[in-house]
Each structure stands twice: as C-alpha cells, then as structure tokens.
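Everything on this sheet refers to the single structure shown next.
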Amino acid sequence: MNIKFFAPSWGNTLPFETFCKNVKEAGYDGVEMALPLEKAEKQAILDTLRDFDLKFMGQYYQSFERDLSEHAKSYEKYLRHLIEAQPILVNCQTGKDYFSFEQNKHLFEIAEHISKETGVKIIHETHRGKSLFAAHITQLYLTSLPDLRITLDISHWCNVHESLLADQTEAVELALHHADHIHTRIGHPEGPQVNDPRAPEWKETFETHLKWWDKIVEIHQKNGTQLTMNTEFGPATYMPVLPYTQQPVASQWEINVFMMNFLKKRYASQ
C-alpha cells in the first residue's frame with residue numbers, strides 16, 4: 001500500500017530551506033509541524049514546502065490553558081489557523097489529562113464541527129498530559145465517540161502504564177482500528193523514547209511496536225484507506241543525554257531516517 005512518510009520539524013535547528021532539502025533527499029513525502037501565527041513567516045514556510053514538493057501536515061500541541069472556555073477559544077483559533085494552509089490533515093494533542101470526560105468531549109466536538117465545515121480531516125494524538133494520555137481512558141472515548149479518529153503514538157502509553165501493554169489488549173486493539181496516522185517512536189516502560197532503536201537490547205520492545213503497526217497497516221490495506229507515518233524520535237533532552245555535557249546519546253536525524261527506510265522496506269510489498 002502507498003504509505004506517506006512525514007518528517008518531524010521538532011528538533012530541527014537548520015535553516016528551514018536546508019531542512020526541507022534534507023527531508024526531500026532522504027525520501028520523505030512531507031513534514032508534520034505547527035505554523036507560526038505571523039502571516040509572512042507562515043507563508044514563507046508554506047512556500048518552501050511547496051518549492052521542495054513536500055506535503056504539509058498540521059500539528060497542534062498548544063493545549064495549555066486550564067480554563068475550559070479560554071482553552072476552547074485558543075483551540076479553535078489554532079485549528080483554523082492550520083486549516084487555512086490546506087494541510088492533508090491536522091494532528092491534535094487535544095485537551096488535558098485532568099479535564100473531565102465532558103470537557104474533553106467538548107473539544108472533540110469543536111474539532112468535528114470545524115472538520116465538517118472545512119473538509120479538512122482532524123485527528124487526535126495519544127499523548128501524555130492530553131485527553132488520550134492512557135490506553136483505558138482512550139478506550140472510554142473511542143467507545144463513547146465511535147467516529148473519533150486518532151494518531152497512535154503508543155510510546156506514550158508504554159511509559160504511562162510502565163509496560164508493553166500486555167494487560168491492555170482490548171484497549172490497544174480498539175485504538176489500532178481508529179488510527180489513521182502513526183508516530184513511529186518506540187517507547188518503553190520507563191520512558192517514551194528508547195535511546196536508539198537499532199541497539200540489540202531493544203529488540204523485543206521494537207518488535208512489540210512493529211506488531212501494533214503491522215495491524216494498522218493491515219486494517220488500512222483491507223479498507224483501501226490512506227495511512228501516514230511520522231518518524232517522530234525527538235531531540236535532546238527527549239532523546240536521552242549524557243550527564244554533565246548534556247550531549248545526546250544518538251543522532252535524532254539518523255534514527256528518524258533509519259526508521260523511515262526500515263518501515264518503507266517492511267511495508268513495500270503490502
């Protein structure tokens with residue numbers, strides 16, 4: 001099947017044009033990122049993406065406000081701001097882990113309304129600190145809101161539940177069937193990101209994540225639907241660092257390109 005691969009702009013310190021050149025040459029299809037509110041800066045980013053024939057996926061992460069009314073107002077502002085740029089979809093870190101079910105549901109309803117109004121797909125990320133921070137909580141939302149579609153970043157759940165989720169099979173299975181986008185970072189029981197997925201000590205953890213992703217690929221292949229992936233290993237200090245020097249223990253860029261090439265090869269015949 002034709003899976004589209006996206007590079008994270010998170011962690012990039014290069015001029016954006018240089019970054020896009022590297023992204024294109026590496027073989028990515030596009031970039032997943034937030035956009036600045038300043039119009040000229042926003043347009044310059046979109047022009048550069050277009051110059052390199054890279055697709056744009058919108059990313060919302062600014063779920064900061066504690067007051068729901070302020071939060072909802074900001075949420076809608078950022079979603080409409082991203083949608084103006086005509087992304088292939090918008091990935092949202094929606095809500096807060098301490099909001100009630102009804103409060104987070106209100107935010108999902110705002111996103112659904114905007115999506116229907118504009119025709120731009122909006123999906124919601126399984127992320128620590130946000131509405132879908134845990135497997136069992138997400139199961140409740142997906143059961144109650146069956147049309148909800150998600151970005152599965154299951155690395156967060158491994159960290160939240162301090163496990164590879166062997167005791168959360170029903171919740172995980174439901175999430176796999178609602179996932180339209182994957183953040184292919186590998187988490188473990190003590191953190192959301194292994195230091196280097198190429199290291200042999202992470203073999204079991206890597207293979208566990210692959211089984212989850214394989215299932216999502218199978219579902220989309222069967223349904224004939226588009227699937228996207230973002231190789232979202234993060235920079236220091238999300239990437240583990242050495243004491244005192246704070247030097248990252250591996251290269252974020254090299255790991256992300258490795259993950260893209262590995263997954264392209266794995267799913268090339270599907």
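Scheme for the structure tokens: letters A, B, ... for chains in order shown; per-chain residue numbers from 1; ligand numbers from 1 in order shown.
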Exercise. Among the residues of range 32-153 of chain A, find those DSSP assigns to strand (DSSP E or B) from the backbone and print them as JSON, numbers by chain.
Key: {"A": [32, 33, 55, 56, 57, 58, 59, 60, 90, 91, 92, 122, 123, 124, 125, 150, 151, 152]}
Quiz prompt | Distance query Met239 in chain A at most 12 Å, only C-alpha atoms, self and fewer than 5 positions along chain excluded, as number ranges by chain | solution = A: 10-11, 185-187, 191-197, 232-234, 246-253, 255-256
Exercise. Rank nothing, just name the residue among A:Ala236, A:Ala40, A:Ile114, A:Leu54 nearest to Glu25 in chain A, using only C-alpha atoms.
Key: A:Leu54
Quiz item: Can you tell me how far CA of Cys92 in chain A sits from CA of Tyr60 in chain A, in Å to one decimal?
Solution: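 So the answer is 4.7 Å.
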Exercise. Mind the document's chain letters and residue numbers, and return as an NGL selection string the residues of range 85-259 of chain A that DSSP labels alpha helix (DSSP H).
Key: :A and (101-118 or 135-144 or 155-160 or 169-178 or 203-223 or 252-259)
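Omitting Ala268 in chain A and its sequence neighbours fewer than 5 positions away, and counting only C-alpha atoms, the residues within 9 Å are Met1, Asn2, Ile3 and Leu263 of chain A.
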Preceding selection exported with N, CA, C and O atoms as a short mmCIF file (atom, residue, chain, number, x, y, z; two decimals), in the first residue's frame:
data_model
loop_
_atom_site.label_atom_id
_atom_site.label_comp_id
_atom_site.auth_asym_id
_atom_site.auth_seq_id
_atom_site.Cartn_x
_atom_site.Cartn_y
_atom_site.Cartn_z
N MET A 1 0.84 -1.19 0.00
CA MET A 1 0.00 0.00 0.00
C MET A 1 0.88 1.25 0.00
O MET A 1 2.06 1.20 0.35
N ASN A 2 0.29 2.35 -0.38
CA ASN A 2 1.04 3.59 -0.51
C ASN A 2 0.99 4.38 0.80
O ASN A 2 0.10 5.20 1.00
N ILE A 3 1.95 4.12 1.68
CA ILE A 3 2.04 4.85 2.94
C ILE A 3 2.85 6.13 2.72
O ILE A 3 3.91 6.10 2.08
N LEU A 263 10.79 1.04 7.71
CA LEU A 263 9.35 0.82 7.55
C LEU A 263 8.94 0.82 6.08
O LEU A 263 8.05 0.07 5.68
#
Exercise. Figure out the distance between CA of Val23 in chain A and CA of Thr94 in chain A, please, to one decimal in Å.
Key: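 Interatomic distance, CA of Thr94 in chain A to CA of Val23 in chain A: 27.2 Å.
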